[in-house]
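A.B. asks: One file is attached below, my_file_9.cif, containing mmCIF, C-alpha atoms.
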data_model
loop_
_atom_site.label_atom_id
_atom_site.label_comp_id
_atom_site.auth_asym_id
_atom_site.auth_seq_id
_atom_site.Cartn_x
_atom_site.Cartn_y
_atom_site.Cartn_z
CA MET A 8 -16.44 1.23 -46.46
CA LYS A 9 -14.56 -2.01 -46.06
CA VAL A 10 -11.29 -2.03 -44.16
CA TYR A 11 -8.76 -4.35 -45.76
CA SER A 12 -5.69 -3.87 -43.65
CA ILE A 13 -4.39 -2.07 -40.59
CA TYR A 14 -0.72 -1.28 -40.11
CA ILE A 15 1.00 0.42 -37.22
CA LEU A 16 4.43 1.99 -37.63
CA ASN A 17 6.72 3.02 -34.81
CA LYS A 18 8.38 6.41 -34.82
CA ALA A 19 11.38 5.14 -36.76
CA GLY A 20 9.19 3.79 -39.56
CA GLY A 21 9.37 0.14 -38.58
CA LEU A 22 6.29 -2.00 -38.99
CA ILE A 23 5.16 -3.09 -35.52
CA TYR A 24 1.68 -4.35 -36.27
CA GLN A 25 -0.05 -5.69 -39.31
CA ASN A 26 -3.53 -7.12 -39.50
CA ASP A 27 -5.42 -8.06 -42.64
CA VAL A 28 -8.88 -7.76 -41.16
CA ASN A 29 -10.73 -8.40 -44.42
CA PRO A 30 -9.48 -10.36 -47.43
CA GLY A 31 -9.15 -8.28 -50.57
CA LEU A 32 -5.47 -7.50 -50.85
CA ASN A 33 -2.79 -9.71 -52.32
CA ARG A 34 -0.41 -11.09 -49.73
CA LEU A 35 3.12 -9.75 -49.88
CA SER A 36 6.25 -11.31 -48.47
CA ALA A 37 7.18 -10.29 -44.94
CA ASN A 38 10.07 -8.26 -46.28
CA ASP A 39 7.85 -6.36 -48.73
CA TYR A 40 5.59 -5.26 -45.89
CA LEU A 41 8.58 -3.76 -44.14
CA VAL A 42 9.63 -1.98 -47.34
CA LEU A 43 6.10 -0.66 -47.81
CA ALA A 44 6.06 0.64 -44.25
CA GLY A 45 9.44 2.32 -44.67
CA THR A 46 8.40 3.94 -47.95
CA LEU A 47 5.20 5.32 -46.47
CA HIS A 48 7.15 6.66 -43.53
CA GLY A 49 9.53 8.49 -45.89
CA VAL A 50 6.79 9.83 -48.15
CA HIS A 51 4.90 11.03 -45.12
CA ALA A 52 7.95 12.92 -43.88
CA ILE A 53 8.57 14.50 -47.31
CA ALA A 54 4.93 15.50 -47.65
CA ALA A 55 5.12 17.27 -44.30
CA LYS A 56 7.87 19.49 -45.73
CA VAL A 57 5.92 20.46 -48.81
CA THR A 58 4.46 23.89 -48.12
CA PRO A 59 1.30 24.97 -49.87
CA THR A 60 1.40 28.27 -51.73
CA ILE A 61 -1.43 30.54 -52.81
CA ASN A 62 -0.77 32.50 -56.06
CA GLY A 63 2.96 31.98 -55.71
CA LYS A 64 3.04 33.39 -52.18
CA GLU A 65 3.98 31.19 -49.28
CA VAL A 66 1.26 30.64 -46.76
CA ALA A 67 2.43 31.49 -43.29
CA THR A 68 2.55 28.24 -41.40
CA ASN A 69 2.14 28.58 -37.70
CA GLU A 70 4.04 26.53 -35.23
CA TYR A 71 2.05 23.95 -33.33
CA PRO A 72 -0.56 25.75 -31.27
CA ASN A 73 -0.45 25.48 -27.50
CA ASN A 74 -3.72 23.62 -27.30
CA GLN A 75 -2.47 20.99 -29.73
CA ASN A 76 -3.41 18.17 -27.40
CA ALA A 77 -6.96 19.41 -26.88
CA ILE A 78 -7.45 19.82 -30.62
CA LEU A 79 -6.15 16.34 -31.22
CA LEU A 80 -8.47 14.81 -28.66
CA ALA A 81 -11.49 16.72 -29.89
CA SER A 82 -11.06 16.26 -33.61
CA GLY A 83 -8.81 13.23 -33.80
CA LYS A 84 -6.79 15.12 -36.39
CA LEU A 85 -3.28 16.30 -35.83
CA GLN A 86 -3.78 19.58 -37.69
CA ASP A 87 -6.48 21.37 -39.55
CA SER A 88 -6.43 20.35 -43.17
CA ASN A 89 -5.29 23.72 -44.52
CA SER A 90 -1.81 23.52 -43.10
CA ASN A 91 0.41 20.69 -44.14
CA LYS A 92 2.08 19.91 -40.84
CA SER A 93 0.36 16.57 -40.73
CA GLY A 94 2.10 15.26 -43.83
CA LEU A 95 0.46 12.68 -46.04
CA GLN A 96 -3.06 11.98 -44.84
CA SER A 97 -4.74 9.98 -47.54
CA ILE A 98 -4.24 8.44 -50.96
CA GLU A 99 -7.41 7.77 -52.93
CA THR A 100 -7.27 5.54 -55.98
CA ASP A 101 -9.73 3.55 -58.06
CA LEU A 102 -8.72 0.33 -56.37
CA PHE A 103 -8.13 1.25 -52.77
CA ASN A 104 -7.94 4.15 -50.33
CA LEU A 105 -5.10 4.59 -47.91
CA TYR A 106 -5.34 6.74 -44.79
CA ILE A 107 -2.57 7.73 -42.42
CA PHE A 108 -2.90 9.10 -38.91
CA GLN A 109 0.17 10.17 -37.00
CA THR A 110 0.03 10.65 -33.24
CA LEU A 111 1.98 13.30 -31.38
CA THR A 112 4.56 10.74 -30.40
CA GLY A 113 5.19 9.81 -34.02
CA ILE A 114 3.34 6.49 -34.14
CA LYS A 115 1.56 6.05 -37.44
CA PHE A 116 -1.69 4.20 -37.94
CA ILE A 117 -2.31 3.19 -41.54
CA LEU A 118 -5.61 2.00 -42.90
CA ILE A 119 -6.16 0.47 -46.34
CA THR A 120 -9.82 0.44 -47.31
CA SER A 121 -12.07 -0.11 -50.29
CA PRO A 122 -12.17 2.82 -52.76
CA ASN A 123 -14.74 5.60 -52.74
CA PRO A 124 -18.05 4.41 -54.19
CA VAL A 125 -18.30 5.13 -57.89
CA VAL A 126 -21.08 7.54 -58.83
CA HIS A 127 -21.90 7.47 -62.53
CA ASN A 128 -24.14 10.44 -62.86
CA LEU A 129 -21.89 13.44 -62.41
CA GLN A 130 -24.78 15.86 -62.24
CA GLN A 131 -26.21 13.98 -59.33
CA ILE A 132 -23.11 13.96 -57.18
CA ASN A 133 -22.60 17.64 -57.57
CA ARG A 134 -25.87 18.17 -55.83
CA GLU A 135 -25.12 15.49 -53.26
CA VAL A 136 -21.64 16.80 -52.54
CA ALA A 137 -23.04 20.20 -51.85
CA ASN A 138 -25.57 18.77 -49.45
CA LYS A 139 -23.92 15.92 -47.61
CA GLY A 140 -20.23 15.93 -48.40
CA GLU A 141 -20.48 12.44 -49.84
CA LEU A 142 -16.84 12.34 -50.92
CA ASN A 143 -15.56 13.24 -47.47
CA LYS A 144 -17.65 10.59 -45.81
CA GLN A 145 -15.03 7.85 -46.05
CA TYR A 146 -12.37 10.21 -44.73
CA ALA A 147 -14.51 10.97 -41.70
CA GLN A 148 -15.19 7.27 -41.16
CA ALA A 149 -11.49 6.49 -41.36
CA ASN A 150 -10.78 9.18 -38.78
CA GLU A 151 -13.36 7.62 -36.51
CA ILE A 152 -11.60 4.26 -36.80
CA PHE A 153 -8.24 5.93 -36.08
CA LYS A 154 -9.63 7.43 -32.91
CA HIS A 155 -10.79 4.01 -31.66
CA LEU A 156 -7.54 2.38 -32.72
CA TYR A 157 -5.56 4.97 -30.82
CA ILE A 158 -7.65 4.36 -27.70
CA ILE A 159 -7.25 0.58 -27.73
CA TYR A 160 -3.58 0.96 -28.62
CA SER A 161 -2.98 3.07 -25.52
CA ASP A 162 -5.06 0.68 -23.42
CA TYR A 163 -4.05 -2.77 -24.54
CA VAL A 164 -0.52 -2.14 -25.79
CA MET A 165 0.91 0.61 -23.63
CA LYS A 166 -0.51 -0.83 -20.39
CA ASP A 167 0.85 -4.30 -21.08
CA PRO A 168 3.96 -4.99 -19.00
CA PHE A 169 5.12 -7.59 -21.51
CA TYR A 170 5.27 -5.12 -24.39
CA SER A 171 8.56 -3.36 -25.05
CA LEU A 172 8.39 0.00 -26.78
CA ASP A 173 8.86 0.13 -30.57
CA MET A 174 8.79 -3.65 -30.83
CA PRO A 175 6.21 -5.71 -32.73
CA ILE A 176 2.82 -5.96 -31.01
CA LYS A 177 1.88 -9.53 -30.16
CA SER A 178 -0.93 -8.91 -27.67
CA SER A 179 -3.84 -11.23 -28.39
CA LEU A 180 -6.22 -8.92 -26.52
CA PHE A 181 -5.28 -6.08 -28.86
CA ASP A 182 -6.00 -8.36 -31.83
CA THR A 183 -9.50 -9.16 -30.63
CA LYS A 184 -10.24 -5.51 -29.89
CA VAL A 185 -9.06 -4.48 -33.37
CA LYS A 186 -11.40 -7.03 -34.90
CA GLU A 187 -14.24 -5.66 -32.78
CA ILE A 188 -13.94 -2.08 -34.00
CA VAL A 189 -13.62 -2.87 -37.67
CA MET B 23 17.44 29.88 4.42
CA SER B 24 14.94 32.59 3.71
CA ASN B 25 12.58 32.22 6.62
CA ASP B 26 13.13 31.02 10.16
CA ASN B 27 9.97 28.94 10.05
CA ASP B 28 10.78 27.14 6.86
CA ILE B 29 11.41 23.49 7.28
CA ILE B 30 14.21 22.24 5.12
CA LEU B 31 12.61 19.76 2.81
CA SER B 32 15.04 17.40 1.25
CA SER B 33 14.87 17.75 -2.46
CA ALA B 34 17.44 17.18 -5.15
CA THR B 35 18.08 20.89 -5.60
CA SER B 36 18.37 21.78 -1.94
CA MET B 37 20.61 18.80 -1.22
CA SER B 38 23.06 19.70 -3.93
CA THR B 39 23.61 23.18 -2.55
CA LEU B 40 24.30 21.93 0.98
CA THR B 41 27.89 21.88 2.12
CA ILE B 42 29.27 19.68 4.85
CA ASN B 43 29.51 22.57 7.31
CA GLU B 44 25.98 23.79 6.75
CA VAL B 45 23.87 23.89 9.90
CA SER B 46 20.28 25.00 9.83
CA LYS B 47 19.47 28.18 11.76
CA ASP B 48 17.05 26.39 14.03
CA GLY B 49 19.39 23.52 14.59
CA PHE B 50 16.60 21.36 13.27
CA GLY B 51 16.64 19.08 10.28
CA TYR B 52 18.95 16.46 8.91
CA ASN B 53 22.57 17.49 8.85
CA PRO B 54 24.72 15.34 6.57
CA SER B 55 27.90 16.15 8.46
CA VAL B 56 26.41 14.90 11.74
CA GLY B 57 24.49 11.93 10.35
CA PRO B 58 21.42 10.26 11.84
CA GLN B 59 22.21 11.84 15.20
CA SER B 60 20.93 15.14 13.82
CA ASN B 61 17.41 13.79 13.49
CA ILE B 62 16.99 13.16 17.19
CA ILE B 63 14.17 15.24 18.64
CA THR B 64 15.80 17.62 21.09
CA PRO B 65 13.81 20.04 23.29
CA GLU B 66 14.59 22.82 20.79
CA ALA B 67 13.46 20.75 17.86
CA SER B 68 10.22 19.74 19.56
CA THR B 69 9.33 23.34 20.42
CA PHE B 70 10.07 24.26 16.85
CA LEU B 71 7.85 21.44 15.56
CA LEU B 72 5.00 22.28 17.90
CA SER B 73 5.11 26.00 17.24
CA SER B 74 5.23 25.54 13.50
CA LYS B 75 1.75 25.62 12.00
CA LYS B 76 2.79 23.61 9.02
CA SER B 77 2.54 19.88 8.80
CA ILE B 78 5.72 18.16 7.79
CA ILE B 79 4.03 15.87 5.32
CA THR B 80 2.09 18.42 3.37
CA ASN B 81 0.72 21.92 3.62
CA ASN B 82 -2.42 21.12 1.72
CA PRO B 83 -5.44 20.87 4.07
CA ASN B 84 -7.24 18.66 1.52
CA SER B 85 -4.52 16.07 1.42
CA ILE B 86 -5.33 12.41 1.95
CA TYR B 87 -3.80 12.52 5.46
CA ASP B 88 -6.21 15.20 6.61
CA LYS B 89 -9.37 13.53 5.41
CA ASN B 90 -11.56 11.40 7.63
CA ILE B 91 -10.51 7.80 7.24
CA ILE B 92 -14.05 6.56 7.85
CA ASN B 93 -15.38 7.67 4.52
CA LYS B 94 -18.61 6.09 3.45
CA LYS B 95 -18.41 7.56 -0.01
CA ASN B 96 -17.01 5.46 -2.81
CA LEU B 97 -13.51 6.66 -3.43
CA GLU B 98 -12.56 6.35 -7.06
CA ILE B 99 -9.18 6.49 -8.71
CA SER B 100 -8.27 6.47 -12.35
CA LEU B 101 -8.09 3.00 -13.85
CA SER B 102 -5.47 4.21 -16.31
CA SER B 103 -3.02 5.30 -13.65
CA LEU B 104 -3.68 2.10 -11.70
CA ALA B 105 -3.02 0.07 -14.83
CA PHE B 106 0.24 1.91 -15.49
CA LEU B 107 1.33 1.50 -11.88
CA PHE B 108 0.52 -2.20 -11.95
CA CYS B 109 2.32 -2.50 -15.29
CA GLU B 110 5.47 -1.08 -13.70
CA MET B 111 5.06 -3.33 -10.65
CA VAL B 112 4.94 -6.39 -12.88
CA ASN B 113 7.96 -5.11 -14.80
CA TRP B 114 9.86 -4.49 -11.59
CA CYS B 115 9.07 -7.94 -10.19
CA HIS B 116 9.91 -9.46 -13.55
CA SER B 117 13.34 -7.87 -13.71
CA ASN B 118 14.13 -9.13 -10.20
CA SER B 119 12.73 -12.60 -10.59
CA LYS B 120 14.45 -15.79 -11.61
CA GLY B 121 11.50 -17.37 -13.33
CA ILE B 122 7.76 -17.39 -13.82
CA GLN B 123 7.11 -19.09 -10.48
CA ASP B 124 9.31 -16.56 -8.73
CA LEU B 125 7.53 -13.67 -10.46
CA GLU B 126 4.17 -14.93 -9.22
CA THR B 127 5.52 -15.32 -5.70
CA ARG B 128 6.80 -11.75 -5.74
CA LEU B 129 3.49 -10.36 -7.01
CA ASN B 130 1.72 -12.41 -4.36
CA GLY B 131 4.01 -10.95 -1.71
CA LEU B 132 3.25 -7.38 -2.80
CA GLY B 133 -0.48 -8.08 -2.73
CA TYR B 134 -0.22 -9.73 0.69
CA GLN B 135 0.74 -6.45 2.33
CA VAL B 136 -2.10 -4.64 0.60
CA GLY B 137 -4.56 -7.27 1.83
CA GLN B 138 -3.36 -7.09 5.43
CA ARG B 139 -3.90 -3.34 5.50
CA TYR B 140 -7.07 -3.26 3.47
CA ILE B 141 -9.07 -5.66 5.60
CA GLU B 142 -8.32 -3.44 8.58
CA LEU B 143 -9.57 -0.38 6.72
CA ILE B 144 -12.72 -2.04 5.41
CA LYS B 145 -13.63 -3.36 8.85
CA LEU B 146 -13.13 0.12 10.27
CA ARG B 147 -15.29 1.69 7.59
CA GLU B 148 -18.04 -0.86 8.12
CA GLY B 149 -18.65 0.85 11.43
CA PHE B 150 -18.38 -0.40 14.98
CA LYS B 151 -22.05 -1.25 15.37
CA THR B 152 -22.51 -3.45 12.33
CA ASN B 153 -19.00 -4.78 12.43
CA LYS B 154 -18.61 -8.35 13.54
CA ARG B 155 -15.83 -10.84 13.37
CA GLU B 156 -16.34 -13.72 10.97
CA VAL B 157 -15.50 -17.05 12.55
CA LYS B 158 -16.70 -19.53 9.95
CA ILE B 159 -14.96 -20.26 6.68
CA VAL B 160 -18.08 -19.75 4.59
CA GLU B 161 -18.82 -16.43 6.26
CA ILE B 162 -15.37 -15.00 5.71
CA LEU B 163 -15.42 -16.18 2.11
CA GLN B 164 -18.75 -14.46 1.53
CA PHE B 165 -17.28 -11.32 3.05
CA ILE B 166 -14.26 -11.51 0.70
CA HIS B 167 -16.44 -12.31 -2.29
CA GLY B 168 -18.89 -9.51 -1.55
CA THR B 169 -17.93 -6.55 0.65
CA PHE B 170 -14.18 -6.87 0.31
CA TRP B 171 -14.23 -7.27 -3.46
CA LYS B 172 -16.66 -4.39 -3.85
CA ALA B 173 -14.51 -2.09 -1.75
CA ILE B 174 -11.40 -2.84 -3.79
CA PHE B 175 -12.67 -3.40 -7.30
CA GLY B 176 -16.07 -1.70 -7.26
CA LYS B 177 -18.02 -4.89 -7.97
CA THR B 178 -18.55 -8.24 -6.35
CA ALA B 179 -16.72 -11.29 -7.67
CA ASN B 180 -18.63 -13.50 -10.08
CA GLU B 181 -18.70 -16.90 -8.43
CA LEU B 182 -17.88 -18.54 -5.14
CA GLU B 183 -17.58 -22.32 -5.16
CA LYS B 184 -16.42 -25.16 -2.98
CA SER B 185 -14.12 -27.72 -4.46
CA GLN B 186 -15.80 -31.07 -5.10
CA ASP B 187 -12.75 -33.26 -4.65
CA VAL B 188 -10.52 -31.62 -2.12
CA LEU B 189 -11.57 -30.70 1.38
CA ASN B 190 -10.74 -27.14 2.45
CA GLU B 191 -10.47 -25.81 -1.09
CA TYR B 192 -12.64 -22.98 -2.32
CA MET B 193 -12.73 -21.00 -5.53
CA ILE B 194 -13.60 -17.38 -6.22
CA THR B 195 -14.05 -16.51 -9.88
CA ASP B 196 -13.71 -13.10 -11.49
CA ASN B 197 -14.69 -12.81 -15.15
CA VAL B 198 -12.86 -9.54 -15.77
CA PRO B 199 -10.07 -9.06 -13.21
CA LEU B 200 -9.66 -5.30 -12.92
CA MET B 201 -5.91 -5.12 -12.37
CA SER B 202 -4.91 -7.29 -15.30
CA LYS B 203 -7.64 -6.06 -17.63
CA PHE B 204 -5.17 -4.79 -20.22
CA ILE B 205 -2.52 -7.45 -19.85
CA SER B 206 -2.20 -10.29 -22.30
CA ILE B 207 0.31 -12.94 -21.39
CA PRO B 208 2.69 -13.95 -24.18
CA LYS B 209 2.80 -17.66 -25.01
CA GLU B 210 6.35 -18.15 -23.77
CA TYR B 211 5.20 -17.22 -20.25
CA GLY B 212 2.93 -20.24 -20.11
CA GLU B 213 0.71 -20.38 -17.06
CA LEU B 214 1.65 -16.99 -15.63
CA ASN B 215 -1.26 -14.95 -14.36
CA CYS B 216 -0.68 -11.40 -13.14
CA SER B 217 -3.72 -11.72 -10.90
CA ALA B 218 -1.26 -13.38 -8.52
CA PHE B 219 -1.21 -9.89 -7.02
CA MET B 220 -4.93 -10.11 -6.32
CA ALA B 221 -4.45 -13.61 -4.94
CA GLY B 222 -1.90 -12.06 -2.59
CA ILE B 223 -4.44 -9.47 -1.46
CA ILE B 224 -6.92 -12.23 -0.60
CA GLU B 225 -4.26 -14.25 1.17
CA GLY B 226 -3.19 -11.25 3.23
CA ALA B 227 -6.77 -10.49 4.21
CA LEU B 228 -7.50 -14.12 5.15
CA ASP B 229 -4.29 -14.55 7.12
CA SER B 230 -5.00 -11.36 9.06
CA SER B 231 -8.40 -12.75 9.99
CA ALA B 232 -6.73 -15.94 11.25
CA PHE B 233 -7.93 -18.04 8.37
CA PHE B 234 -4.58 -19.31 7.25
CA ALA B 235 -4.71 -20.04 3.57
CA ASN B 236 -2.74 -20.32 0.41
CA VAL B 237 -4.24 -18.49 -2.56
CA THR B 238 -3.23 -18.92 -6.18
CA ALA B 239 -4.59 -17.43 -9.39
CA HIS B 240 -5.33 -19.52 -12.48
CA SER B 241 -6.55 -18.44 -15.91
CA VAL B 242 -9.62 -20.34 -16.99
CA PRO B 243 -10.81 -18.52 -20.12
CA ILE B 244 -14.31 -19.12 -21.47
CA THR B 245 -15.85 -17.63 -24.59
CA GLY B 246 -16.53 -13.96 -24.09
CA TYR B 247 -14.22 -13.71 -21.08
CA PRO B 248 -10.65 -14.40 -22.19
CA LEU B 249 -9.25 -13.10 -18.89
CA ARG B 250 -11.51 -15.10 -16.55
CA THR B 251 -9.51 -15.95 -13.48
CA VAL B 252 -10.12 -18.48 -10.74
CA PHE B 253 -8.63 -17.80 -7.32
CA LEU B 254 -7.98 -21.12 -5.65
CA ILE B 255 -8.07 -20.80 -1.88
CA LYS B 256 -6.54 -23.68 0.03
CA PHE B 257 -7.10 -23.41 3.77
CA ASP B 258 -4.73 -24.79 6.33
CA ASP B 259 -5.63 -28.22 7.75
CA SER B 260 -5.88 -26.84 11.27
CA LEU B 261 -8.91 -24.84 10.16
CA SER B 262 -11.04 -27.90 9.53
CA ILE B 263 -10.42 -29.01 13.11
CA ARG B 264 -11.39 -25.57 14.38
CA GLU B 265 -14.45 -25.59 12.14
CA SER B 266 -15.59 -28.98 13.42
CA LEU B 267 -15.20 -27.84 17.05
CA ARG B 268 -17.44 -24.83 16.46
CA SER B 269 -20.26 -26.62 14.69
#
Would you kindly transcribe this structure into structure tokens?

C.D. replies:
Amino acid sequence: MKVYSIYILNKAGGLIYQNDVNPGLNRLSANDYLVLAGTLHGVHAIAAKVTPTINGKEVATNEYPNNQNAILLASGKLQDSNSNKSGLQSIETDLFNLYIFQTLTGIKFILITSPNPVVHNLQQINREVANKGELNKQYAQANEIFKHLYIIYSDYVMKDPFYSLDMPIKSSLFDTKVKEIV
Amino acid sequence: MSNDNDIILSSATSMSTLTINEVSKDGFGYNPSVGPQSNIITPEASTFLLSSKKSIITNNPNSIYDKNIINKKNLEISLSSLAFLFCEMVNWCHSNSKGIQDLETRLNGLGYQVGQRYIELIKLREGFKTNKREVKIVEILQFIHGTFWKAIFGKTANELEKSQDVLNEYMITDNVPLMSKFISIPKEYGELNCSAFMAGIIEGALDSSAFFANVTAHSVPITGYPLRTVFLIKFDDSLSIRESLRS
């Protein structure tokens, strides 16, 4: 998996950090990046309202469990994948994959990566999927990156006295650490 | 007041319920209608204090005040909370300061008080038998570079050098300064280095040991260590005279 870009959105949907770690995406104008960020923020919010149904019946969605924080720290995921509280989590296309991770405070980390590897022999993947979960591999990798990103974000951004909340991140230390984990 | 033995602890909730005529049952405790006069220790108040089994500061027997101060064990605190505290200290100094130079001076001043107290504590913990007073510049610098640094930051500093050009100038280098580990200075702040606080600690410690010095922190990044900081220690001229008398 190749990571093309990393974006960080503040809780209002403003783009506060953008880093094209690997070339592979066309450059947009600065304004278009902001529009993209805003759109994703909106879509994410709408997706969180979409409730899954089973055979026409609504699935009872629980409120956030009490041990929310512990679950988040252990799994790195906001919610288990069967409920839709977490909103939009990933978009997988032929050309790129996009993953979103939202923290409890509403900060969104967005990752744009290379697409899932193409497997030509359908018969073969069926066996592989059953054994190794090949298709979920990228998703797991992305979650691993999110976990590290969240850690360095809380270290090198939140503990920096020269950073003001919800404003663009300019820390050069954060930049180098992001490059290290990708 | 529920219990005769309860000390009135000033807290936001208890203060708001007090009226001007309120007097505590024991006649002890701060009375806003009387003013500071009410805090004077009268015979009644002292008997009350002595008979009370509770400590005023805290009721917890494991509190930091009740532990033995001569603790040989390495005491560890969370780096995260230290970083957040330091972050707020820098913010506080920054909001009060008039410029970058002023900000550094303020950080230095805060560190100075820490240094004055810490050298006392470290010397006490070293023990009375092994403890000796350093009288030479090189010896005190080695103490700062080694024991002192280890006690505060958990590791010794990286280098200790003497300036080639200027007499009485020494340099201590730390590749990864603990306090400012997470801080990256924006370009518009130029030469600012938050390790001025650590420079203040060194200055306080040196001044307390009668090695009068001026300590400043300078960023000298090298590849691999973007935060590498050099603490420039400039000793007072009188020290060289003292040094030459001793040798």

A.B. asks: Report as a short mmCIF file (atom, residue, chain, number, x, y, z; two decimals) with C-alpha atoms, keeping the file's coordinate frame the residues that result from applying the PyMOL selection byres ((chain B) within 7 of (chain A)) to the structure here.

C.D. replies:
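File selection34.cif, as written:
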data_model
loop_
_atom_site.label_atom_id
_atom_site.label_comp_id
_atom_site.auth_asym_id
_atom_site.auth_seq_id
_atom_site.Cartn_x
_atom_site.Cartn_y
_atom_site.Cartn_z
CA ALA B 105 -3.02 0.07 -14.83
CA PHE B 106 0.24 1.91 -15.49
CA CYS B 109 2.32 -2.50 -15.29
CA GLU B 110 5.47 -1.08 -13.70
CA VAL B 112 4.94 -6.39 -12.88
CA ASN B 113 7.96 -5.11 -14.80
CA PHE B 204 -5.17 -4.79 -20.22
CA ILE B 205 -2.52 -7.45 -19.85
CA SER B 206 -2.20 -10.29 -22.30
#

A.B. asks: Rounded to one decimal place, report the CA of Tyr11 (chain A)-CA of Leu111 (chain A) distance in Å.

C.D. replies: 25.2 Å

A.B. asks: When distances are computed from all atoms listed in the file, which of B:Met111, B:Val252, B:Ile144, B:Ala218 shows the smallest separation from Ala179 (chain B)?

C.D. replies: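 Of B:Met111, B:Val252, B:Ile144, B:Ala218, the one nearest Ala179 (chain B) is B:Val252, counting all atoms listed in the file.
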
A.B. asks: Can you tell me which residues surround region 183-189 of chain A at a distance of at most 12 Å, considering all atoms listed in the file, apart from same-chain residues fewer than 2 positions away, and format the answer as number ranges by chain?

C.D. replies: A: 8-15, 24-29, 118-120, 148-149, 151-160, 162-164, 177-181; B: 204, 206, 246-248

A.B. asks: Generate a file of the selected residues that holds C-alpha atoms, formatted as a PDB file, keeping the file's coordinate frame.

C.D. replies:
ATOM      1  CA  MET A   8     -16.440   1.230 -46.460  1.00  0.00           C
ATOM      2  CA  LYS A   9     -14.560  -2.010 -46.060  1.00  0.00           C
ATOM      3  CA  VAL A  10     -11.290  -2.030 -44.160  1.00  0.00           C
ATOM      4  CA  TYR A  11      -8.760  -4.350 -45.760  1.00  0.00           C
ATOM      5  CA  SER A  12      -5.690  -3.870 -43.650  1.00  0.00           C
ATOM      6  CA  ILE A  13      -4.390  -2.070 -40.590  1.00  0.00           C
ATOM      7  CA  TYR A  14      -0.720  -1.280 -40.110  1.00  0.00           C
ATOM      8  CA  ILE A  15       1.000   0.420 -37.220  1.00  0.00           C
ATOM      9  CA  TYR A  24       1.680  -4.350 -36.270  1.00  0.00           C
ATOM     10  CA  GLN A  25      -0.050  -5.690 -39.310  1.00  0.00           C
ATOM     11  CA  ASN A  26      -3.530  -7.120 -39.500  1.00  0.00           C
ATOM     12  CA  ASP A  27      -5.420  -8.060 -42.640  1.00  0.00           C
ATOM     13  CA  VAL A  28      -8.880  -7.760 -41.160  1.00  0.00           C
ATOM     14  CA  ASN A  29     -10.730  -8.400 -44.420  1.00  0.00           C
ATOM     15  CA  LEU A 118      -5.610   2.000 -42.900  1.00  0.00           C
ATOM     16  CA  ILE A 119      -6.160   0.470 -46.340  1.00  0.00           C
ATOM     17  CA  THR A 120      -9.820   0.440 -47.310  1.00  0.00           C
ATOM     18  CA  GLN A 148     -15.190   7.270 -41.160  1.00  0.00           C
ATOM     19  CA  ALA A 149     -11.490   6.490 -41.360  1.00  0.00           C
ATOM     20  CA  GLU A 151     -13.360   7.620 -36.510  1.00  0.00           C
ATOM     21  CA  ILE A 152     -11.600   4.260 -36.800  1.00  0.00           C
ATOM     22  CA  PHE A 153      -8.240   5.930 -36.080  1.00  0.00           C
ATOM     23  CA  LYS A 154      -9.630   7.430 -32.910  1.00  0.00           C
ATOM     24  CA  HIS A 155     -10.790   4.010 -31.660  1.00  0.00           C
ATOM     25  CA  LEU A 156      -7.540   2.380 -32.720  1.00  0.00           C
ATOM     26  CA  TYR A 157      -5.560   4.970 -30.820  1.00  0.00           C
ATOM     27  CA  ILE A 158      -7.650   4.360 -27.700  1.00  0.00           C
ATOM     28  CA  ILE A 159      -7.250   0.580 -27.730  1.00  0.00           C
ATOM     29  CA  TYR A 160      -3.580   0.960 -28.620  1.00  0.00           C
ATOM     30  CA  ASP A 162      -5.060   0.680 -23.420  1.00  0.00           C
ATOM     31  CA  TYR A 163      -4.050  -2.770 -24.540  1.00  0.00           C
ATOM     32  CA  VAL A 164      -0.520  -2.140 -25.790  1.00  0.00           C
ATOM     33  CA  LYS A 177       1.880  -9.530 -30.160  1.00  0.00           C
ATOM     34  CA  SER A 178      -0.930  -8.910 -27.670  1.00  0.00           C
ATOM     35  CA  SER A 179      -3.840 -11.230 -28.390  1.00  0.00           C
ATOM     36  CA  LEU A 180      -6.220  -8.920 -26.520  1.00  0.00           C
ATOM     37  CA  PHE A 181      -5.280  -6.080 -28.860  1.00  0.00           C
TER      38      PHE A 181
ATOM     39  CA  PHE B 204      -5.170  -4.790 -20.220  1.00  0.00           C
ATOM     40  CA  SER B 206      -2.200 -10.290 -22.300  1.00  0.00           C
ATOM     41  CA  GLY B 246     -16.530 -13.960 -24.090  1.00  0.00           C
ATOM     42  CA  TYR B 247     -14.220 -13.710 -21.080  1.00  0.00           C
ATOM     43  CA  PRO B 248     -10.650 -14.400 -22.190  1.00  0.00           C
TER      44      PRO B 248
END

A.B. asks: Check which residues satisfy the PyMOL selection byres ((chain A and resi 40-49) around 12) in the file shown, then give them as an MDAnalysis selection string.

C.D. replies: chainID A and resid 12:27 33:39 50:56 94:98 105:109 113:118 175

A.B. asks: Check what the PyMOL selection byres ((chain B and resi 159) around 12) selects in the file above and give those residues as number ranges by chain.

C.D. replies: B: 155-158, 160-166, 184, 190-192, 228, 231-235, 255-258, 261-266, 268-269

A.B. asks: Which residue, B:Ile122, B:Leu104, B:Cys115, B:Ile174, has the smallest gap to Glu210 (chain B) when you use only C-alpha atoms?

C.D. replies: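 Using only C-alpha atoms, Glu210 (chain B) sits closest to B:Ile122.
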
A.B. asks: Enter the distance from CA of Ile176 (chain A) to CA of Ser202 (chain B), in Å, rounded to one decimal.

C.D. replies: 17.6 Å

A.B. asks: Which distance in Å separates CA of Trp114 (chain B) and CA of Ser171 (chain A), to one decimal?

C.D. replies: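 Between CA of Trp114 (chain B) and CA of Ser171 (chain A) the gap works out to 13.6 Å.
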